[in-house]
file upload-v1.pdb (PDB, C-alpha atoms)
ATOM      1  CA  MET A1465      23.364 -29.760  88.681  1.00  0.00           C
ATOM      2  CA  LYS A1466      20.736 -32.087  87.226  1.00  0.00           C
ATOM      3  CA  ILE A1467      17.885 -29.809  88.329  1.00  0.00           C
ATOM      4  CA  LYS A1468      19.547 -26.792  86.749  1.00  0.00           C
ATOM      5  CA  SER A1469      19.931 -28.679  83.460  1.00  0.00           C
ATOM      6  CA  LEU A1470      16.317 -29.819  83.626  1.00  0.00           C
ATOM      7  CA  VAL A1471      15.066 -26.274  84.219  1.00  0.00           C
ATOM      8  CA  LEU A1472      17.129 -24.891  81.323  1.00  0.00           C
ATOM      9  CA  ALA A1473      15.953 -27.657  78.993  1.00  0.00           C
ATOM     10  CA  THR A1474      12.313 -27.057  79.966  1.00  0.00           C
ATOM     11  CA  LEU A1475      12.617 -23.313  79.371  1.00  0.00           C
ATOM     12  CA  SER A1476      14.283 -23.902  75.983  1.00  0.00           C
ATOM     13  CA  VAL A1477      11.521 -26.254  74.839  1.00  0.00           C
ATOM     14  CA  ALA A1478       8.786 -23.884  76.096  1.00  0.00           C
ATOM     15  CA  SER A1479      10.284 -20.909  74.265  1.00  0.00           C
ATOM     16  CA  CYS A1480      10.494 -22.902  71.019  1.00  0.00           C
ATOM     17  CA  LEU A1481       6.879 -24.055  71.304  1.00  0.00           C
ATOM     18  CA  ALA A1482       5.663 -20.527  72.012  1.00  0.00           C
ATOM     19  CA  ALA A1483       7.458 -19.010  69.013  1.00  0.00           C
ATOM     20  CA  VAL A1484       4.915 -17.662  66.511  1.00  0.00           C
ATOM     21  CA  PRO A1485       5.661 -15.464  63.515  1.00  0.00           C
ATOM     22  CA  ALA A1486       5.194 -11.772  64.312  1.00  0.00           C
ATOM     23  CA  SER A1487       2.562 -11.397  61.596  1.00  0.00           C
ATOM     24  CA  ALA A1488       0.414 -14.254  62.911  1.00  0.00           C
ATOM     25  CA  ALA A1489      -2.393 -12.965  65.098  1.00  0.00           C
ATOM     26  CA  PRO A1490      -6.140 -12.991  65.426  1.00  0.00           C
ATOM     27  CA  PHE A1491      -7.880 -10.091  63.671  1.00  0.00           C
ATOM     28  CA  LEU A1492     -11.333  -8.673  64.329  1.00  0.00           C
ATOM     29  CA  PHE A1493     -13.370  -7.692  61.247  1.00  0.00           C
ATOM     30  CA  GLU A1494     -16.346  -5.340  61.714  1.00  0.00           C
ATOM     31  CA  LEU A1495     -18.473  -4.562  58.656  1.00  0.00           C
ATOM     32  CA  THR A1496     -21.017  -1.731  59.005  1.00  0.00           C
ATOM     33  CA  GLY A1497     -23.226   0.062  56.507  1.00  0.00           C
ATOM     34  CA  SER A1498     -25.443  -1.606  53.887  1.00  0.00           C
ATOM     35  CA  ARG A1499     -24.348  -4.997  55.265  1.00  0.00           C
ATOM     36  CA  SER A1500     -23.292  -5.813  58.833  1.00  0.00           C
ATOM     37  CA  ALA A1501     -20.996  -8.557  60.059  1.00  0.00           C
ATOM     38  CA  THR A1502     -18.541  -9.162  62.884  1.00  0.00           C
ATOM     39  CA  PHE A1503     -16.064 -12.048  62.865  1.00  0.00           C
ATOM     40  CA  THR A1504     -12.525 -12.994  63.897  1.00  0.00           C
ATOM     41  CA  ILE A1505      -9.880 -14.775  61.817  1.00  0.00           C
ATOM     42  CA  ASP A1506      -6.691 -16.212  63.317  1.00  0.00           C
ATOM     43  CA  THR A1507      -3.924 -15.770  60.745  1.00  0.00           C
ATOM     44  CA  ALA A1508      -1.772 -18.374  62.496  1.00  0.00           C
ATOM     45  CA  ILE A1509      -4.169 -20.867  60.857  1.00  0.00           C
ATOM     46  CA  ALA A1510      -3.665 -21.303  57.120  1.00  0.00           C
ATOM     47  CA  PRO A1511      -6.564 -20.298  54.856  1.00  0.00           C
ATOM     48  CA  THR A1512      -8.815 -23.098  53.594  1.00  0.00           C
ATOM     49  CA  THR A1513      -7.912 -22.138  50.029  1.00  0.00           C
ATOM     50  CA  GLN A1514      -5.186 -19.900  48.640  1.00  0.00           C
ATOM     51  CA  SER A1515      -4.249 -19.128  45.052  1.00  0.00           C
ATOM     52  CA  SER A1516      -2.065 -16.648  43.242  1.00  0.00           C
ATOM     53  CA  THR A1517      -2.548 -15.790  39.572  1.00  0.00           C
ATOM     54  CA  ALA A1518      -1.667 -12.966  37.213  1.00  0.00           C
ATOM     55  CA  PHE A1519      -5.007 -11.402  38.250  1.00  0.00           C
ATOM     56  CA  GLY A1520      -4.240 -11.341  41.979  1.00  0.00           C
ATOM     57  CA  ASP A1521      -4.222 -13.361  45.176  1.00  0.00           C
ATOM     58  CA  GLN A1522      -7.281 -15.133  46.569  1.00  0.00           C
ATOM     59  CA  ILE A1523      -7.740 -16.673  50.015  1.00  0.00           C
ATOM     60  CA  SER A1524     -10.782 -18.045  51.798  1.00  0.00           C
ATOM     61  CA  TYR A1525     -11.695 -19.413  55.209  1.00  0.00           C
ATOM     62  CA  ASN A1526     -14.550 -21.892  55.726  1.00  0.00           C
ATOM     63  CA  SER A1527     -16.729 -22.075  58.851  1.00  0.00           C
ATOM     64  CA  VAL A1528     -15.783 -18.686  60.291  1.00  0.00           C
ATOM     65  CA  ALA A1529     -17.915 -18.025  63.386  1.00  0.00           C
ATOM     66  CA  GLY A1530     -19.463 -14.587  63.688  1.00  0.00           C
ATOM     67  CA  VAL A1531     -22.566 -12.439  63.596  1.00  0.00           C
ATOM     68  CA  PHE A1532     -23.809 -11.871  60.046  1.00  0.00           C
ATOM     69  CA  GLY A1533     -26.819  -9.638  59.498  1.00  0.00           C
ATOM     70  CA  GLY A1534     -27.719  -9.987  63.186  1.00  0.00           C
ATOM     71  CA  THR A1535     -27.615 -13.813  63.134  1.00  0.00           C
ATOM     72  CA  THR A1536     -24.892 -15.831  64.884  1.00  0.00           C
ATOM     73  CA  GLN A1537     -23.598 -18.549  62.572  1.00  0.00           C
ATOM     74  CA  ASN A1538     -20.640 -19.740  60.490  1.00  0.00           C
ATOM     75  CA  ALA A1539     -19.809 -18.383  57.046  1.00  0.00           C
ATOM     76  CA  GLN A1540     -17.309 -18.683  54.240  1.00  0.00           C
ATOM     77  CA  ILE A1541     -15.141 -15.562  54.066  1.00  0.00           C
ATOM     78  CA  GLY A1542     -13.051 -14.799  50.978  1.00  0.00           C
ATOM     79  CA  PHE A1543     -10.525 -12.044  50.307  1.00  0.00           C
ATOM     80  CA  GLY A1544      -8.915 -11.010  47.037  1.00  0.00           C
ATOM     81  CA  THR A1545      -6.502  -8.518  45.544  1.00  0.00           C
ATOM     82  CA  ASN A1546      -6.367  -6.567  42.280  1.00  0.00           C
ATOM     83  CA  ILE A1547      -9.383  -7.043  39.981  1.00  0.00           C
ATOM     84  CA  PHE A1548     -11.238  -9.656  42.053  1.00  0.00           C
ATOM     85  CA  ALA A1549     -13.577  -8.716  44.891  1.00  0.00           C
ATOM     86  CA  GLN A1550     -11.696  -7.726  48.024  1.00  0.00           C
ATOM     87  CA  LEU A1551     -14.318  -9.243  50.385  1.00  0.00           C
ATOM     88  CA  ASN A1552     -16.857 -12.050  49.854  1.00  0.00           C
ATOM     89  CA  ILE A1553     -19.155 -13.363  52.595  1.00  0.00           C
ATOM     90  CA  GLY A1554     -21.144 -16.483  51.740  1.00  0.00           C
ATOM     91  CA  GLY A1555     -23.686 -18.714  53.417  1.00  0.00           C
ATOM     92  CA  THR A1556     -25.382 -16.118  55.640  1.00  0.00           C
ATOM     93  CA  PRO A1557     -28.661 -14.193  55.837  1.00  0.00           C
ATOM     94  CA  LEU A1558     -26.815 -11.301  54.157  1.00  0.00           C
ATOM     95  CA  GLY A1559     -27.468 -12.887  50.769  1.00  0.00           C
ATOM     96  CA  PHE A1560     -24.955 -12.241  47.979  1.00  0.00           C
ATOM     97  CA  THR A1561     -22.294 -10.116  49.648  1.00  0.00           C
ATOM     98  CA  GLN A1562     -19.330  -9.069  47.566  1.00  0.00           C
ATOM     99  CA  PHE A1563     -17.382  -5.831  47.901  1.00  0.00           C
ATOM    100  CA  GLY A1564     -14.641  -4.087  45.969  1.00  0.00           C
ATOM    101  CA  GLY A1565     -12.191  -1.575  47.394  1.00  0.00           C
ATOM    102  CA  PRO A1566      -8.579  -1.407  48.479  1.00  0.00           C
ATOM    103  CA  ASP A1567      -6.551  -4.579  48.962  1.00  0.00           C
ATOM    104  CA  LEU A1568      -7.007  -5.798  52.539  1.00  0.00           C
ATOM    105  CA  PHE A1569      -4.052  -8.197  52.751  1.00  0.00           C
ATOM    106  CA  THR A1570      -0.756  -9.278  51.238  1.00  0.00           C
ATOM    107  CA  LEU A1571       0.682 -12.774  51.097  1.00  0.00           C
ATOM    108  CA  VAL A1572       3.966 -13.415  52.881  1.00  0.00           C
ATOM    109  CA  ASN A1573       5.267 -16.983  52.520  1.00  0.00           C
ATOM    110  CA  SER A1574       1.754 -18.066  51.418  1.00  0.00           C
ATOM    111  CA  MET A1575       0.193 -16.694  54.619  1.00  0.00           C
ATOM    112  CA  PRO A1576      -2.026 -13.576  54.687  1.00  0.00           C
ATOM    113  CA  VAL A1577      -0.914 -10.435  56.487  1.00  0.00           C
ATOM    114  CA  PHE A1578      -3.972  -8.202  56.921  1.00  0.00           C
ATOM    115  CA  LYS A1579      -3.829  -4.412  56.870  1.00  0.00           C
ATOM    116  CA  THR A1580      -5.417  -2.727  59.876  1.00  0.00           C
ATOM    117  CA  GLY A1581      -7.667   0.319  59.818  1.00  0.00           C
ATOM    118  CA  SER A1582     -10.976   1.332  58.242  1.00  0.00           C
ATOM    119  CA  PHE A1583     -11.679   0.642  54.574  1.00  0.00           C
ATOM    120  CA  ASN A1584     -14.565   1.892  52.425  1.00  0.00           C
ATOM    121  CA  LEU A1585     -16.025  -0.919  50.339  1.00  0.00           C
ATOM    122  CA  THR A1586     -18.623  -0.646  47.568  1.00  0.00           C
ATOM    123  CA  SER A1587     -20.687  -2.964  45.420  1.00  0.00           C
ATOM    124  CA  ILE A1588     -23.412  -2.632  42.812  1.00  0.00           C
ATOM    125  CA  VAL A1589     -25.346  -5.391  44.610  1.00  0.00           C
ATOM    126  CA  SER A1590     -24.266  -4.962  48.250  1.00  0.00           C
ATOM    127  CA  GLY A1591     -24.161  -1.144  48.471  1.00  0.00           C
ATOM    128  CA  SER A1592     -21.555   0.747  50.505  1.00  0.00           C
ATOM    129  CA  SER A1593     -20.071  -0.397  53.790  1.00  0.00           C
ATOM    130  CA  THR A1594     -17.054   0.239  55.961  1.00  0.00           C
ATOM    131  CA  LEU A1595     -14.798  -2.605  57.082  1.00  0.00           C
ATOM    132  CA  ARG A1596     -12.696  -2.054  60.180  1.00  0.00           C
ATOM    133  CA  ILE A1597      -9.833  -4.511  60.731  1.00  0.00           C
ATOM    134  CA  SER A1598      -8.038  -4.525  64.070  1.00  0.00           C
ATOM    135  CA  ALA A1599      -5.614  -6.870  65.797  1.00  0.00           C
ATOM    136  CA  VAL A1600      -7.112  -8.648  68.792  1.00  0.00           C
ATOM    137  CA  ALA A1601      -5.182  -8.024  72.001  1.00  0.00           C
ATOM    138  CA  ALA A1602      -3.625 -11.048  73.639  1.00  0.00           C
ATOM    139  CA  ALA A1603      -5.576 -12.481  76.523  1.00  0.00           C
ATOM    140  CA  VAL A1604      -4.408 -11.609  80.029  1.00  0.00           C
ATOM    141  CA  PRO A1605      -3.860 -14.692  82.211  1.00  0.00           C
ATOM    142  CA  GLU A1606      -6.220 -15.172  85.143  1.00  0.00           C
ATOM    143  CA  PRO A1607      -4.870 -14.636  88.682  1.00  0.00           C
ATOM    144  CA  THR A1608      -4.951 -18.392  89.374  1.00  0.00           C
ATOM    145  CA  THR A1609      -2.689 -18.962  86.360  1.00  0.00           C
ATOM    146  CA  TRP A1610      -0.197 -16.417  87.700  1.00  0.00           C
ATOM    147  CA  ALA A1611      -0.357 -18.022  91.153  1.00  0.00           C
ATOM    148  CA  MET A1612       0.320 -21.506  89.763  1.00  0.00           C
ATOM    149  CA  MET A1613       3.257 -20.176  87.758  1.00  0.00           C
ATOM    150  CA  LEU A1614       4.769 -18.432  90.779  1.00  0.00           C
ATOM    151  CA  VAL A1615       4.347 -21.547  92.944  1.00  0.00           C
ATOM    152  CA  GLY A1616       6.092 -23.593  90.238  1.00  0.00           C
ATOM    153  CA  PHE A1617       9.051 -21.220  89.994  1.00  0.00           C
ATOM    154  CA  GLY A1618       9.237 -21.029  93.778  1.00  0.00           C
ATOM    155  CA  SER A1619       9.318 -24.826  94.027  1.00  0.00           C
ATOM    156  CA  ILE A1620      12.124 -25.025  91.491  1.00  0.00           C
ATOM    157  CA  GLY A1621      14.089 -22.357  93.361  1.00  0.00           C
ATOM    158  CA  TYR A1622      13.561 -24.148  96.695  1.00  0.00           C
ATOM    159  CA  ALA A1623      14.687 -27.477  95.208  1.00  0.00           C
ATOM    160  CA  MET A1624      17.828 -25.881  93.811  1.00  0.00           C
ATOM    161  CA  ARG A1625      18.777 -24.219  97.118  1.00  0.00           C
ATOM    162  CA  ARG A1626      18.048 -27.338  99.158  1.00  0.00           C
ATOM    163  CA  ARG A1627      20.806 -29.391  97.522  1.00  0.00           C
ATOM    164  CA  SER A1628      22.908 -31.278  99.997  1.00  0.00           C
ATOM    165  CA  LYS A1629      26.258 -29.710 100.676  1.00  0.00           C
ATOM    166  CA  VAL A1630      29.380 -31.803 100.304  1.00  0.00           C
ATOM    167  CA  ARG A1631      31.485 -31.876 103.440  1.00  0.00           C
ATOM    168  CA  THR A1632      35.062 -32.998 103.555  1.00  0.00           C
ATOM    169  CA  THR A1633      36.749 -34.009 106.755  1.00  0.00           C
ATOM    170  CA  VAL A1634      40.458 -33.854 107.184  1.00  0.00           C
ATOM    171  CA  GLN A1635      42.020 -36.039 109.878  1.00  0.00           C
ATOM    172  CA  PHE A1636      45.451 -35.360 111.232  1.00  0.00           C
ATOM    173  CA  ALA A1637      47.559 -38.246 112.364  1.00  0.00           C
TER     174      ALA A1637
END

call {"tool": "encode", "arguments": {"input": "upload-v1.pdb", "output": "structure tokens"}}
result
Amino acid sequence: MKIKSLVLATLSVASCLAAVPASAAPFLFELTGSRSATFTIDTAIAPTTQSSTAFGDQISYNSVAGVFGGTTQNAQIGFGTNIFAQLNIGGTPLGFTQFGGPDLFTLVNSMPVFKTGSFNLTSIVSGSSTLRISAVAAAVPEPTTWAMMLVGFGSIGYAMRRRSKVRTTVQFA
């Protein structure tokens, strides 16, 4: 009985730890056209800065790894809604990169939820580019991970079946 309780408690704790909001996921951003960049942002991690005003919402992420203008490095990425620029990329060989266009995200409980698809962006300084936003597929576990998991479940099952049986003896006088 103790093993069964232990297994149930372990599964309960694991399911609680693995719970992530449905909107939280890594997103791949691919900018092509007058400027080129490729980077990934994990929305389970809060933005470095976030503000909401009458003029719109602003969020930014510092030290985002990616390829900017053909160079691998980190950059500051900012997103905005309404009258502010919808995409800003700073600290890269791209130079001043700021685009306007459709809103690329909404805030839900102070966390960004990005729209997926292709978006045409324009700028007087940066020209015209297309930004494609797509959700990154979850990683598939390696075969050794599956094997270790199956061995673990098998061991638990074996331990539960191997319990000693209680025998009662009745003596007649």

call {"tool": "atom_distance", "arguments": {"input": "upload-v1.pdb", "atom1": "CA of Ala1501 (chain A)", "atom2": "CA of Phe1519 (chain A)"}}
result
27.2 Å

call {"tool": "atom_distance", "arguments": {"input": "upload-v1.pdb", "atom1": "CA of Thr1561 (chain A)", "atom2": "CA of Ser1587 (chain A)"}}
result
8.5 Å

call {"tool": "residues_around", "arguments": {"input": "upload-v1.pdb", "residues": "Pro1576 (chain A)", "least_positions_apart": "2", "cutoff": "12 Å", "atoms": "all atoms listed in the file", "output": "VMD selection string"}}
result
chain A and resid 1485 1487 to 1491 1505 to 1516 1521 to 1525 1542 to 1545 1567 to 1574 1578 to 1579

call {"tool": "residues_around", "arguments": {"input": "upload-v1.pdb", "residues": "Thr1502 (chain A)", "least_positions_apart": "6", "cutoff": "7 Å", "atoms": "all atoms listed in the file", "output": "PyMOL selection string"}}
result
chain A and resi 1493-1495+1530-1532

call {"tool": "atom_distance", "arguments": {"input": "upload-v1.pdb", "atom1": "CA of Ala1518 (chain A)", "atom2": "CA of Ser1592 (chain A)"}}
result
27.6 Å

call {"tool": "residues_around", "arguments": {"input": "upload-v1.pdb", "residues": "Leu1595 (chain A)", "least_positions_apart": "3", "cutoff": "12 Å", "atoms": "all atoms listed in the file", "output": "MDAnalysis selection string"}}
result
chainID A and resid 1492:1503 1550:1551 1563:1568 1579:1586 1592 1598

call {"tool": "closest_residue", "arguments": {"input": "upload-v1.pdb", "among": "A:Thr1608, A:Thr1504, A:Gln1537, A:Asn1546", "to": "Gly1520 (chain A)", "atoms": "only C-alpha atoms"}}
result
A:Asn1546

call {"tool": "axis_aligned_box", "arguments": {"input": "upload-v1.pdb", "around": "region 1551-1567 of chain A", "padding_each_side": "4 Å", "output": "JSON"}}
result
{"center_x": -17.6, "center_y": -10.1, "center_z": 50.9, "size_x": 30.1, "size_y": 25.3, "size_z": 17.9}

call {"tool": "resolve_selection", "arguments": {"input": "upload-v1.pdb", "expression": "the PyMOL selection byres ((chain A and resi 1589) around 8)", "output": "PDB file with C-alpha atoms, in the frame of the given file"}}
result
ATOM      1  CA  PHE A1560     -24.955 -12.241  47.979  1.00  0.00           C
ATOM      2  CA  THR A1561     -22.294 -10.116  49.648  1.00  0.00           C
ATOM      3  CA  GLN A1562     -19.330  -9.069  47.566  1.00  0.00           C
ATOM      4  CA  SER A1587     -20.687  -2.964  45.420  1.00  0.00           C
ATOM      5  CA  ILE A1588     -23.412  -2.632  42.812  1.00  0.00           C
ATOM      6  CA  SER A1590     -24.266  -4.962  48.250  1.00  0.00           C
ATOM      7  CA  GLY A1591     -24.161  -1.144  48.471  1.00  0.00           C
TER       8      GLY A1591
END

call {"tool": "resolve_selection", "arguments": {"input": "upload-v1.pdb", "expression": "the PyMOL selection byres ((chain A and resi 1540) around 8)", "output": "PyMOL selection string"}}
result
chain A and resi 1524-1528+1538-1539+1541-1542+1552-1555
